[in-house]
Amino acid sequence: MNQNSRFSDRFDWTLCFLLLLFFLISCIAIYSGQSSNQYEGNFVISQIKNYIVGAVIVGIVMYFDSEQIRRLTWLLYGLGILLLVGLFIAPESIAPERKGATLWYIIPGLGSVQPSEFVKVFLIIALSKIIADHHLKYQAKTAGTDFFLLIKLGAATLLPLGLIIIEDLGTALVIIAILAGIILVSGITWKILVPIYGVLGALAGTVLYLVIIAPEILEKYLGIDPYQFSRIYSWLDPVNHKQGAGMQLYNSMLAIGSGLISGKGFTDRQVYVPDAHTDFIFSVIGEEYGFFGASVVISLFFLLIYHLTKTGLETTDPFNTYICVGVISMITFHVFQNIGMTIQVLPITGIPLPFISYGGSSLMGNMMAMGLIFSIHYHHKNYMFSTDSNYVAK
């Protein structure tokens, strides 16, 4: 074991550089986005503080190696569940209702903290441990053991999903994406997965069809709020809803389209988009920097996902590989959903753009996930060439 290798040799400088670029883009875009004066305050300063806290989180998580993280898995998972349950029973002074939902705790000195952002990372760790432990126990792979693994993964996901979906559909979709991504690489036979994914796809298509053709059925039997339907209608036809539910999407497309190839320039925005510094930050980038600026941002996310994939392939611990897959699934869905909803590819769900949108909890949750990647790279380099098969993490 090469215990004497230098920190600089083991640190993931590539990931650090990518996060630095996201930090710079975030501050520039938020500075322009807040110029609409929809909210009071300097969000750039707050985002810098969020990144500083995020960097501390990365340092703390990076300190733990994979064996230590595995031992903490169910403690973190249980803590996440308690925090979600606490939202339903905490007094309003601690967990206030905002925009019809109770999603945040108010913590003195830190402001609002959304526990679901951290629960996503805790769930990734839990699902990774379940798969790694399952394959270690059932080395003779059968359809029965695969189905048992699928049940365990579903059960671990169902509890946080049920607590989150009540108040936050966007985050619930992210959790489903994490589960779907991890299941694909879990080793479960396609004879089980294809029918399941096929049924779920057909079910989703049927629900969308009923939303458009017969929404009263969903209202009656599933208790769906008619307000949720307005998001679908405004997504399908934002022009005819631009004075109401479709205004945000219509203005976002107008802003991005008006940016053309090279954009209008820094702070030269002309189209008002609500929440431009948060969920619709991509519309700011598209309007001010055009196709070139938007392409640079998308390319950076591709490089990030490529680097995460490379890290997952290089690690020798299956537990670490599954963590990488979970983080990739989370980031990919966030990016695809957020950018897609600003250009009418997908309905609006309120999912932020990772590392760029303003938001403390979202950024800290993503930085916690990056801390896991830093840890994998750092500790993997520590013993990947070791001949000591009895290595145990300190």
# chains A, B, ... in the order shown; residues from 1 in each chain; ligands from 1

$ select_by_dssp --residues "stretch 2-185 of chain A" --states "strand (DSSP E or B)" --output "list in words"
Arg98, Ala101, Tyr105, Ile106, Ile107, Gly111, Ser112 and Val113 of chain A

$ write_last_selection --atoms "N, CA and C atoms" --output "short mmCIF file (atom, residue, chain, number, x, y, z; two decimals), in the first residue's frame"
data_model
loop_
_atom_site.label_atom_id
_atom_site.label_comp_id
_atom_site.auth_asym_id
_atom_site.auth_seq_id
_atom_site.Cartn_x
_atom_site.Cartn_y
_atom_site.Cartn_z
N ARG A 98 -44.21 27.11 2.47
CA ARG A 98 -43.92 28.09 1.43
C ARG A 98 -44.47 27.61 0.10
N ALA A 101 -46.17 24.25 0.18
CA ALA A 101 -45.44 23.03 0.50
C ALA A 101 -44.51 23.27 1.69
N TYR A 105 -36.37 23.37 6.54
CA TYR A 105 -36.17 23.74 7.94
C TYR A 105 -35.51 25.11 7.98
N ILE A 106 -35.86 25.89 8.95
CA ILE A 106 -35.20 27.17 9.17
C ILE A 106 -34.16 26.98 10.27
N ILE A 107 -32.88 27.12 9.89
CA ILE A 107 -31.79 26.93 10.84
C ILE A 107 -31.07 28.27 11.03
N GLY A 111 -30.04 29.65 7.42
CA GLY A 111 -31.22 29.94 6.62
C GLY A 111 -32.04 28.69 6.37
N SER A 112 -32.59 28.57 5.17
CA SER A 112 -33.44 27.44 4.82
C SER A 112 -32.60 26.24 4.37
N VAL A 113 -32.94 25.07 4.89
CA VAL A 113 -32.27 23.83 4.52
C VAL A 113 -33.32 22.83 4.08
#

$ closest_atom_pairs --of "stretch 146-259 of chain A" --to "stretch 267-290 of chain A" --cutoff "10 Å" --atoms "only C-alpha atoms" --output "JSON lines"
{"residue": "A:Met247", "atom": "CA", "partner": "A:Val273", "partner_atom": "CA", "distance": 8.4}
{"residue": "A:Gln248", "atom": "CA", "partner": "A:Val273", "partner_atom": "CA", "distance": 6.0}
{"residue": "A:Leu249", "atom": "CA", "partner": "A:Val273", "partner_atom": "CA", "distance": 8.3}
{"residue": "A:Tyr250", "atom": "CA", "partner": "A:Val273", "partner_atom": "CA", "distance": 8.9}
{"residue": "A:Asn251", "atom": "CA", "partner": "A:Val273", "partner_atom": "CA", "distance": 5.8}
{"residue": "A:Ser252", "atom": "CA", "partner": "A:Ser283", "partner_atom": "CA", "distance": 5.5}
{"residue": "A:Met253", "atom": "CA", "partner": "A:Ser283", "partner_atom": "CA", "distance": 7.4}
{"residue": "A:Leu254", "atom": "CA", "partner": "A:Val271", "partner_atom": "CA", "distance": 7.3}
{"residue": "A:Ala255", "atom": "CA", "partner": "A:Glu287", "partner_atom": "CA", "distance": 5.1}
{"residue": "A:Ile256", "atom": "CA", "partner": "A:Gly286", "partner_atom": "CA", "distance": 4.5}
{"residue": "A:Gly257", "atom": "CA", "partner": "A:Glu287", "partner_atom": "CA", "distance": 7.1}
{"residue": "A:Ser258", "atom": "CA", "partner": "A:Glu287", "partner_atom": "CA", "distance": 6.1}
{"residue": "A:Gly259", "atom": "CA", "partner": "A:Glu287", "partner_atom": "CA", "distance": 4.0}

$ atom_distance --atom1 "atom CA of A:Gly371" --atom2 "atom CA of A:Gly54"
9.1 Å

$ select_by_dssp --residues "stretch 186-303 of chain A" --states "helix (DSSP H, G or I)" --output "number ranges by chain"
A: 190-213, 215-222, 226-236, 239-241, 247-258, 281-303

$ closest_residue --among "A:Ile131, A:Leu313, A:Ala156, A:Ile81" --to "A:Val119" --atoms "only C-alpha atoms"
A:Ile81

$ residues_around --residues "A:Ile348" --least-positions-apart "6" --cutoff "10 Å" --atoms "only C-alpha atoms" --output "count of residues only"
16
